[in-house]
Structure formats: C-alpha cells, structure tokens
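Engineer: Input: one structure, supplied below.
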Amino acid sequence: MALEGGIADLSYRLYKGPKRKRPGFVIIAERIIRAGLKKKGFWAFSFVSGWFYGLLIGLSYFFQQTLANAEETPGPGLGQAASSFLDGIIWGDAFVSAIGVSQTMWMLMALLVGAGVIAADNRANALPIYLSRPITKRDYIFGKWLGLFTLLIIGFSVPSVIFLLYGSLNLGAYGFLTDDPMMIPKLILTLVASAALHTSVLVGVSSLFKGPRMAGGLYAGIYFLTTFFSGIIGAVRISLEDAPRGVQEFAELASYWSLDGLIKGASRAIFQSPGQALFGIGERGRVILSPIPPVGFQIFLLVAVAAIGIFITWRRVSAVEVVK
Amino acid sequence: MSAAVFEGLTVRYGQKIALDALTAELPEGCVGLLGPNGAGKTTLLKTLLGFLAPSEGTARVFDFDLRKETSAIRNLVGYMPEQDCHLPGMTGVEFVAYMAELSGMPTSEAIRGAHETLQYAGLGEARYRAVETYSTGMKQRVKLAQALVHGPRLLLLDEPTNGLDPKGREDMLAMVRRIAEELGSSVLLCSHLLMDVERTCDHVIMLNRGKALRSGRIEDLKKFEAEGLDIELSETPPELFRAIQALGLGTEATGKGRLRISGIGSAEEMAAQMLAAAAEAGVQVRSINPLRRTLEDIFMEAIHGA
C-alpha cells in the first residue's frame, strides 16, 4: 500500500504523536449530544412541550393589547378583565403548571434520544471496543449519562428560556421575576432534577436490552403505568375527605409515585407552589391538585429512583458477557 | 523484549476454568494463537485487555502489570474483536475517528488518522459510507482500521478472516503480515484456522483447555528432532533396504514406493547417500523432500498428546 514519490512520502505510518488528557467521558458525551441535536424530532418535542408557555404568552399579549386599547377608551369591561388576569398571574404557579403539562413530551423526547444510548451499543457488540480503549467503565457510563443529561437539559429548557426572555422584556410590570427573585435558580434546579431523573432511569433501562425499541417500550411502559396508578391514587385521594389523616397523607404522597409525579412533586416542592388548574381556574381548581409534598422526602425519592437506574447500569455494563 | 509474558495465569468464569495456570511468552512480531473452540483464546485476549481479572498468576504486557496498569496497557494495544462491532449511524471515517479520540488522539489528528488508516485498510471512498451498509469484508477492514488507528504496539486480532471469501481472506492475511513487517507493530492473531496462522505468523502458541500445549517459532516446531527425508522411488527392492541400513540410516515405508529416511547427518548428506544407494540397486528416484511437519501435524500431536 505504500506509495513512493519524489514529492512526498505518502506511506502509512503508525501514529506516534501526542495523546490528550481529555477525559473519555467528555468524548462519549459529545458524540451523544451531537447525534441528538441533529434529530428533528428532538426539537419538535422540545417546542411542543412549551405549549403552555405559548398560550400564556398569547394570552398575556392579548390582554396587554386589550389593556392598552382600554386606556385609550376608559371604562369598565374588557380592560378590567385584562388587568385582573395580568395582575392575578402567580409566576411560580405558571412555571409549575408548564412543567407539569410538559411531562409526556419530555418523556417522548427522552425516548427519542435516549432509548438506544446503551442498548444500541449492546446490539452492535460495541462495548468491547469502547472498553479496549484507555477508558474505564465509569468513563463509559458517566459519558453516556452526561451526554443524555445535557441533551435533555437543552430540550427541556428551550421553552422556559424563551418564556423567560419574553417575560423579562414584556411582563416586568406584572411582577415577573420581581415577585420571586429566586425564580430562575428554582427553575434551573427543577429542570436539572427532571433531566437527571429521566437520564438515570433511561440509561438503566437502556442497559438492560440489546436494542433501542425494547428499551423504549419498557421505559414508556414504566412511565404510563406508574402515571396511571398514581393518577388513580390522586383521584381516590379527593374522595378521602372523611378518612383518617394518616390515610389521606399516604394517598397524597403516593399520588406522586410515578416518573411524571416525581417531577411534578419536585417542581411543586422547589417552587413551593401547587401549580394551578389550567389557566388559573382559581382556588376551586386547586382542590384537584395534590398538596405540595415535603421537599426533603420528594428529593429523596427522586434521588433514590435515579440511583436505582445508575445501579442497574453499573451492574449491566460489562465488556464480557459471562454465561453461567 | 517480549510483547507479553504470562506466568501461571488462571482465569475463571465462575466454577469453570478458562485459563489454567497458563505460562507462555509472547515474542514481538506476528504470533498465532491456535486452539480448538473453547480452548481459551478469546479469554486470553480479554484478559490482556483487562476485561477479565485473573484469579491467580501474573501477566505483563510491554512490562506493564496486567492487574495494576490496565489503562497503560490499553494505550499500547489495539483490539479487533471477532464479532461485528460497528456503531450504527456512523460512517467509516466517523467511527474510526471516534475510536481514535477515545484512544487519546487529539480531534484533528484522529480525523486525519482515520482517513489514512481506512485508506491503508483498503476502504478508499467507501470510508464515507455508513458502516452498516458495508459488506462482511469491508466490516472486517473497518474493524482492523479502528484497532490500528491510534498506533498500537500490539494488535490483538480475534478471528480476522471470519466470514471472508478466499480473496478477502488472502487480502486480510497479507495486510496482517504487512502490519507486522512494515509498521513494526506486534500482532497476536487468534484463530482456529491453521492455514491462516501458518501463512502469516512466525511464532505460535497452541492452547487447549486453557493450557499452553506448545509454543515457539513455527519453523523450529516443524522440524523433527532428527533430520530426515521423504523419498519416492520406482520400486523398493530388499537390497535397497539393506544398502540403506548399511549406511546407518533408519527407514520406514510410508506407502507404495515411498520411504522415510532418518539419520544423524544433514539432509544434504543423507540425500547424496540415498542417491548413491539407489543407483547401486538400480532403482529410479522420483523425488526427495526434506522431512517437515505441517502445523496441522504439530497441532494434532499437541492435542492428542495432551
């Protein structure tokens, strides 16, 4: 194969150059991020997950315009309704609600970019060639986790960032960001917790299978089944007004025992807001929402479920399949 | 310097012993690892890569301790597994460049190296295609390229000719040979195909049931303890036998008109004596060949001896 010529020596030589100190997990994470960002579905799910923000922006814009028109022709009517809508918005509630209604889209987004994160490597028998490099199993798992986590944080955050920008520019007069100066840190914490939970569970599920479809199927199954059962508990809770307080408290806690519920509970606990029934039906609407769960317990549950996902991954990832 | 040295290396899968107190030395150059299915060949490769922890014994690869310096060893080793291992959705260049980066090459060097190595491996323009669209032969080549791209001092090749047609097999073996001879990388070629090892390697280690049965230079192993000749004659009259025995040579009839001669002197001396004896007996000599065993003979002897 060697080519010889007077101009240049083009013969192949083994690489003898420098080796970098860049950690292996960063390279693995980068590849997952690059591949995920190229998927149109990822962006589609991200934008659709922000529909609540979109409606809120639309309504705010409409009422702001209505208010502006009403100032030109003062008098009771639409202007008063617009003013009461805009002044009545509790921004923390709005974020909690937006996060609550985004859950299914977030799950689908996670499925799209994460179901094959390890399962595809299992199917391709790629683990031995990964682990024959100077990287450890820890690098491999953390790289996969970090890549998926970063992707999900991006996907989850885009609608919130757009809403934050819009709110900062147009809704300052109605207490946006000034009512609660800790709004942005709370939002960041909620998004980080949500992405970490989805990532950890999905990586664990993905490591169990030799193919993204099966992994995706199980993950969707876990999501919908736990949401269904916790939803039933939540519905039963409403009719437990006469039950002993202990039973009521258990039902209140158990209504958060799903992937969807863990994130909703965490957001409510972090924002210290129960959210609102869609578009602020008001106090009557709050009856159907479970009360804010205890912060410590909710965070503990979330961390415990994430830890189970990581533990499963650690147990499953191996360059050698030992047949007993 | 040896590429690797094993002393009393034992590896277990639960209760099953896969490598049984293996003691062997892997010289630099092209070494064949031969053995029937289940002999422990792949287990040895996986142990060398640190995938399996030895329960007993020691091993050193380029003087690095296998138990304590796995990362340093992986820096110096390239691994081509037996089964397909391409990552879906990647082109040949992306796949090899990714593997190069994971081996520590800077990004720009990794991309350049991927192009050069794929060209060297004979993939040419196919390197821009998705790996899942490759033929079996091309997949073997891309696997070799990913093992070679970071400039390893030792290449571990697990059944590299699996699934290849005769031409593809020929090309792959020629490439393996060139890697050892031209690039100066040591190669451990793991195969159950004796022909592949015989044609490609200088040294061989024969494994069976986790033990090293024979090891050494193939040329040395092929030699008999005493020199000898295989001779084909037009006939084998008794006076010829008497004449040969009078010369102090051993004789053994191996077929009609065929004799195997053994003695103390060199093959050339024995051939001259035989020609003289045959002329005297009036027998036509049709062929004289120095006595050599094939790798298959040695392998079968080793297996049955064990």
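The chains in the structure tokens are called A, B, ... from first to last as shown; in each chain the residues are counted from 1, and the ligands are counted from 1 in the order shown.
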Could you build a table of the residues in chain A lying no more than 10 Å from chain B, giving for each the nearest pair of atoms and their separation in Å rounded to one decimal place, using only C-alpha atoms, ordered by chain and ascending residue number, as a Markdown table?

Structural biologist:
```
| residue | atom | partner | partner_atom | distance |
| --- | --- | --- | --- | --- |
| A:Met1 | CA | B:Tyr120 | CA | 6.4 |
| A:Ala2 | CA | B:Tyr120 | CA | 8.3 |
| A:Leu10 | CA | B:Glu116 | CA | 9.5 |
| A:Ser11 | CA | B:Tyr120 | CA | 8.9 |
| A:Tyr12 | CA | B:Tyr120 | CA | 6.7 |
| A:Arg13 | CA | B:Leu183 | CA | 6.3 |
| A:Leu14 | CA | B:Gly151 | CA | 4.4 |
| A:Tyr15 | CA | B:Gly151 | CA | 4.4 |
| A:Lys16 | CA | B:Gly151 | CA | 6.4 |
| A:Gly17 | CA | B:Met105 | CA | 7.9 |
| A:Pro18 | CA | B:Met105 | CA | 6.9 |
| A:Lys19 | CA | B:Gly104 | CA | 4.7 |
| A:Arg20 | CA | B:Gly104 | CA | 5.1 |
| A:Lys21 | CA | B:Gly104 | CA | 7.1 |
| A:Arg22 | CA | B:Gly104 | CA | 7.5 |
| A:Pro23 | CA | B:Leu102 | CA | 8.6 |
| A:Gly24 | CA | B:Leu102 | CA | 5.8 |
| A:Phe25 | CA | B:Leu102 | CA | 8.9 |
| A:Val26 | CA | B:Leu102 | CA | 9.6 |
| A:Ile27 | CA | B:Leu102 | CA | 6.8 |
| A:Ile28 | CA | B:Leu102 | CA | 8.0 |
| A:Arg31 | CA | B:Tyr98 | CA | 8.3 |
| A:Ala35 | CA | B:Gly89 | CA | 9.1 |
| A:Ala120 | CA | B:Pro88 | CA | 7.5 |
| A:Asp121 | CA | B:Leu87 | CA | 6.8 |
| A:Asn122 | CA | B:Cys85 | CA | 9.3 |
| A:Arg123 | CA | B:Cys85 | CA | 8.7 |
| A:Ala124 | CA | B:Cys85 | CA | 5.1 |
| A:Asn125 | CA | B:Cys85 | CA | 4.9 |
| A:Ala126 | CA | B:Cys85 | CA | 4.8 |
| A:Leu127 | CA | B:Cys85 | CA | 8.2 |
| A:Pro128 | CA | B:Pro81 | CA | 7.5 |
| A:Ile129 | CA | B:Tyr79 | CA | 7.0 |
| A:Tyr130 | CA | B:Met99 | CA | 7.5 |
| A:Leu131 | CA | B:Phe51 | CA | 7.9 |
| A:Ser132 | CA | B:Leu49 | CA | 6.0 |
| A:Arg133 | CA | B:Ser103 | CA | 5.3 |
| A:Pro134 | CA | B:Ser71 | CA | 4.9 |
| A:Ile135 | CA | B:Ser71 | CA | 7.0 |
| A:Thr136 | CA | B:Ser71 | CA | 8.0 |
| A:Ser318 | CA | B:Phe51 | CA | 7.9 |
| A:Ala319 | CA | B:Phe51 | CA | 6.0 |
| A:Val320 | CA | B:Phe51 | CA | 6.5 |
| A:Val322 | CA | B:Tyr13 | CA | 6.8 |
| A:Val323 | CA | B:Tyr13 | CA | 8.0 |
| A:Lys324 | CA | B:Gly14 | CA | 7.1 |
```

Engineer: Keeping only N, CA and C atoms, write the selected residues as a short mmCIF file (atom, residue, chain, number, x, y, z; two decimals), in the first residue's frame.

Structural biologist:
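The result, written out as again18.cif:
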```cif
data_model
loop_
_atom_site.label_atom_id
_atom_site.label_comp_id
_atom_site.auth_asym_id
_atom_site.auth_seq_id
_atom_site.Cartn_x
_atom_site.Cartn_y
_atom_site.Cartn_z
N MET A 1 0.82 -1.21 0.00
CA MET A 1 0.00 0.00 0.00
C MET A 1 0.85 1.26 0.00
N ALA A 2 2.14 1.10 0.31
CA ALA A 2 2.98 2.28 0.41
C ALA A 2 3.14 2.93 -0.96
N LEU A 10 4.17 9.31 1.08
CA LEU A 10 2.77 9.10 1.47
C LEU A 10 2.56 7.74 2.14
N SER A 11 3.65 7.09 2.49
CA SER A 11 3.48 5.76 3.06
C SER A 11 2.81 5.85 4.44
N TYR A 12 2.08 4.83 4.75
CA TYR A 12 1.34 4.82 6.02
C TYR A 12 2.28 4.52 7.17
N ARG A 13 2.12 5.25 8.23
CA ARG A 13 2.91 5.00 9.43
C ARG A 13 1.98 4.94 10.63
N LEU A 14 2.42 4.22 11.63
CA LEU A 14 1.63 4.17 12.86
C LEU A 14 1.71 5.53 13.56
N TYR A 15 0.64 5.90 14.22
CA TYR A 15 0.59 7.18 14.92
C TYR A 15 1.54 7.17 16.11
N LYS A 16 2.39 8.18 16.17
CA LYS A 16 3.34 8.26 17.29
C LYS A 16 3.20 9.61 18.01
N GLY A 17 2.19 10.37 17.65
CA GLY A 17 2.04 11.72 18.19
C GLY A 17 1.55 11.73 19.62
N PRO A 18 1.26 12.92 20.08
CA PRO A 18 0.84 13.05 21.50
C PRO A 18 -0.55 12.49 21.74
N LYS A 19 -0.76 12.06 22.97
CA LYS A 19 -2.09 11.60 23.39
C LYS A 19 -2.63 12.64 24.36
N ARG A 20 -3.92 12.92 24.27
CA ARG A 20 -4.51 14.01 25.06
C ARG A 20 -4.87 13.55 26.48
N LYS A 21 -5.18 14.56 27.24
CA LYS A 21 -5.60 14.28 28.61
C LYS A 21 -7.10 14.52 28.76
N ARG A 22 -7.78 14.73 27.62
CA ARG A 22 -9.23 14.99 27.69
C ARG A 22 -9.93 13.71 28.17
N PRO A 23 -10.75 13.81 29.19
CA PRO A 23 -11.36 12.59 29.72
C PRO A 23 -12.23 11.88 28.68
N GLY A 24 -12.23 10.56 28.74
CA GLY A 24 -13.00 9.77 27.79
C GLY A 24 -14.49 10.06 27.87
N PHE A 25 -14.98 10.36 29.08
CA PHE A 25 -16.44 10.58 29.21
C PHE A 25 -16.89 11.83 28.44
N VAL A 26 -15.98 12.79 28.32
CA VAL A 26 -16.33 14.01 27.58
C VAL A 26 -16.51 13.68 26.09
N ILE A 27 -15.64 12.83 25.57
CA ILE A 27 -15.73 12.45 24.15
C ILE A 27 -17.02 11.68 23.89
N ILE A 28 -17.34 10.76 24.79
CA ILE A 28 -18.57 9.97 24.64
C ILE A 28 -19.80 10.89 24.73
N ARG A 31 -20.37 13.02 21.60
CA ARG A 31 -20.95 12.30 20.46
C ARG A 31 -22.47 12.15 20.62
N ALA A 35 -25.19 13.84 18.06
CA ALA A 35 -26.17 13.00 17.36
C ALA A 35 -27.60 13.41 17.73
N ALA A 120 -28.17 0.38 21.97
CA ALA A 120 -27.62 0.31 20.61
C ALA A 120 -26.19 -0.25 20.64
N ASP A 121 -25.44 0.12 21.66
CA ASP A 121 -24.08 -0.43 21.81
C ASP A 121 -24.14 -1.92 22.11
N ASN A 122 -25.12 -2.31 22.93
CA ASN A 122 -25.27 -3.74 23.24
C ASN A 122 -25.56 -4.52 21.96
N ARG A 123 -26.47 -3.97 21.13
CA ARG A 123 -26.83 -4.67 19.91
C ARG A 123 -25.64 -4.75 18.95
N ALA A 124 -24.86 -3.69 18.93
CA ALA A 124 -23.73 -3.64 17.99
C ALA A 124 -22.48 -4.32 18.56
N ASN A 125 -22.58 -4.91 19.76
CA ASN A 125 -21.42 -5.52 20.43
C ASN A 125 -20.28 -4.51 20.56
N ALA A 126 -20.63 -3.27 20.80
CA ALA A 126 -19.61 -2.22 20.79
C ALA A 126 -18.89 -2.06 22.12
N LEU A 127 -19.43 -2.66 23.18
CA LEU A 127 -18.80 -2.45 24.48
C LEU A 127 -17.33 -2.88 24.51
N PRO A 128 -16.99 -4.06 23.93
CA PRO A 128 -15.58 -4.44 23.98
C PRO A 128 -14.66 -3.43 23.29
N ILE A 129 -15.13 -2.81 22.19
CA ILE A 129 -14.20 -1.87 21.56
C ILE A 129 -14.13 -0.54 22.30
N TYR A 130 -15.22 -0.18 22.98
CA TYR A 130 -15.13 1.01 23.85
C TYR A 130 -14.12 0.73 24.97
N LEU A 131 -14.34 -0.41 25.63
CA LEU A 131 -13.57 -0.67 26.84
C LEU A 131 -12.17 -1.21 26.56
N SER A 132 -11.86 -1.44 25.27
CA SER A 132 -10.48 -1.81 24.95
C SER A 132 -9.62 -0.55 24.80
N ARG A 133 -10.27 0.61 24.88
CA ARG A 133 -9.54 1.89 24.84
C ARG A 133 -9.11 2.25 26.26
N PRO A 134 -8.23 3.22 26.37
CA PRO A 134 -7.82 3.59 27.74
C PRO A 134 -8.89 4.39 28.48
N ILE A 135 -10.11 3.86 28.53
CA ILE A 135 -11.17 4.47 29.32
C ILE A 135 -11.75 3.39 30.24
N THR A 136 -12.33 3.85 31.32
CA THR A 136 -12.87 2.89 32.29
C THR A 136 -14.38 2.73 32.09
N SER A 318 -20.75 -4.40 30.88
CA SER A 318 -19.57 -5.23 31.02
C SER A 318 -19.06 -5.58 29.62
N ALA A 319 -17.76 -5.61 29.47
CA ALA A 319 -17.19 -5.93 28.16
C ALA A 319 -17.31 -7.41 27.86
N VAL A 320 -17.57 -8.20 28.88
CA VAL A 320 -17.65 -9.65 28.71
C VAL A 320 -19.00 -10.13 29.22
N VAL A 322 -20.79 -12.97 30.69
CA VAL A 322 -20.45 -14.25 31.33
C VAL A 322 -21.68 -15.16 31.32
N VAL A 323 -21.54 -16.29 30.66
CA VAL A 323 -22.64 -17.26 30.62
C VAL A 323 -22.42 -18.25 31.75
N LYS A 324 -23.37 -18.29 32.68
CA LYS A 324 -23.18 -19.19 33.84
C LYS A 324 -23.83 -20.54 33.58
#
```

Engineer: I'd like the contact shell of segment 200-204 of chain B - 9 Å cut-off, only C-alpha atoms, skipping same-chain residues fewer than 6 positions apart - returned as a list in words.

Structural biologist: Leu26, Pro27, Gly29, Cys30, Val31, Gly32, Leu33, Leu34, Leu173, Ala174, Val176, Arg177, Val187, Leu188, Leu189, Arg214, Ser215, Gly216, Arg217, Ile218 and Glu219 of chain B

Engineer: Pull the strand (DSSP E) assignments for segment 25-266 of chain B out of DSSP run on the backbone, and list those residues as a VMD selection string.

Structural biologist: chain B and resid 25 to 27 30 to 34 56 to 61 64 to 65 77 to 80 154 to 158 186 to 191 203 to 208 211 to 217 227 to 233 250 to 255 258 to 263

Engineer: Which distance in Å separates atom CA of Arg268 of chain A and atom CA of Pro293 of chain A, to one decimal?

Structural biologist: 7.4 Å

Engineer: Would you work out the distance separating atom CA of His304 of chain B from atom CA of Val11 of chain B, expressed in Å to one decimal?

Structural biologist: 23.7 Å

Engineer: Atom CA of Thr226 of chain A and atom CA of Ser255 of chain A, how far apart in Å?

Structural biologist: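 Result for atom CA of Ser255 of chain A versus atom CA of Thr226 of chain A: 9.7 Å, one decimal.
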
Engineer: At a cut-off of 6 Å, using only C-alpha atoms, what residues contact segment 273-284 of chain B? Leave out same-chain residues fewer than 6 positions from it and give the result as JSON, numbers by chain.

Structural biologist: {"B": [233, 234, 240]}

Engineer: Give me the residues near Val93 of chain B as a PDB file with C-alpha atoms, in the first residue's frame, where near means some atom within 7 Å (using only C-alpha atoms) and where sequence neighbours in that chain fewer than 5 positions away do not count.

Structural biologist:
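File produced: part-v7.pdb:
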```pdb
ATOM      1  CA  ALA B 114      -8.967   7.771  10.412  1.00  0.00           C
ATOM      2  CA  HIS B 115      -8.706   8.750   6.750  1.00  0.00           C
ATOM      3  CA  ARG B 127     -14.987   5.290   4.134  1.00  0.00           C
ATOM      4  CA  TYR B 128     -17.635   7.977   3.635  1.00  0.00           C
TER       5      TYR B 128
END
```

Engineer: Based on DSSP run over this structure's backbone, return all residues of segment 145-253 of chain B in alpha helix (DSSP H), as a PyMOL selection string.

Structural biologist: chain B and resi 145-148+166-178+194-200+218-222+238-246

Engineer: Would you kindly return, as a PyMOL selection string, each protein, DNA or RNA residue with an atom no farther than 10 Å from any atom of Lys223 of chain B, considering only C-alpha atoms and excluding same-chain residues fewer than 3 positions away?

Structural biologist: chain B and resi 218-220+226-228+290-294+298

Engineer: Excluding Gly175 of chain A and its own-chain neighbours fewer than 3 positions away, which residues fall within 12 Å of it when counting only C-alpha atoms? Please give them as a list in words.

Structural biologist: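 So, after excluding close chain neighbours, the residues are Leu86, Asp87, Gly88, Ile89, Ile90, Trp91, Gly92, Gly167, Ser168, Leu169, Asn170, Leu171, Gly172, Thr178, Asp179, Asp180, Pro181 and Met183 of chain A.
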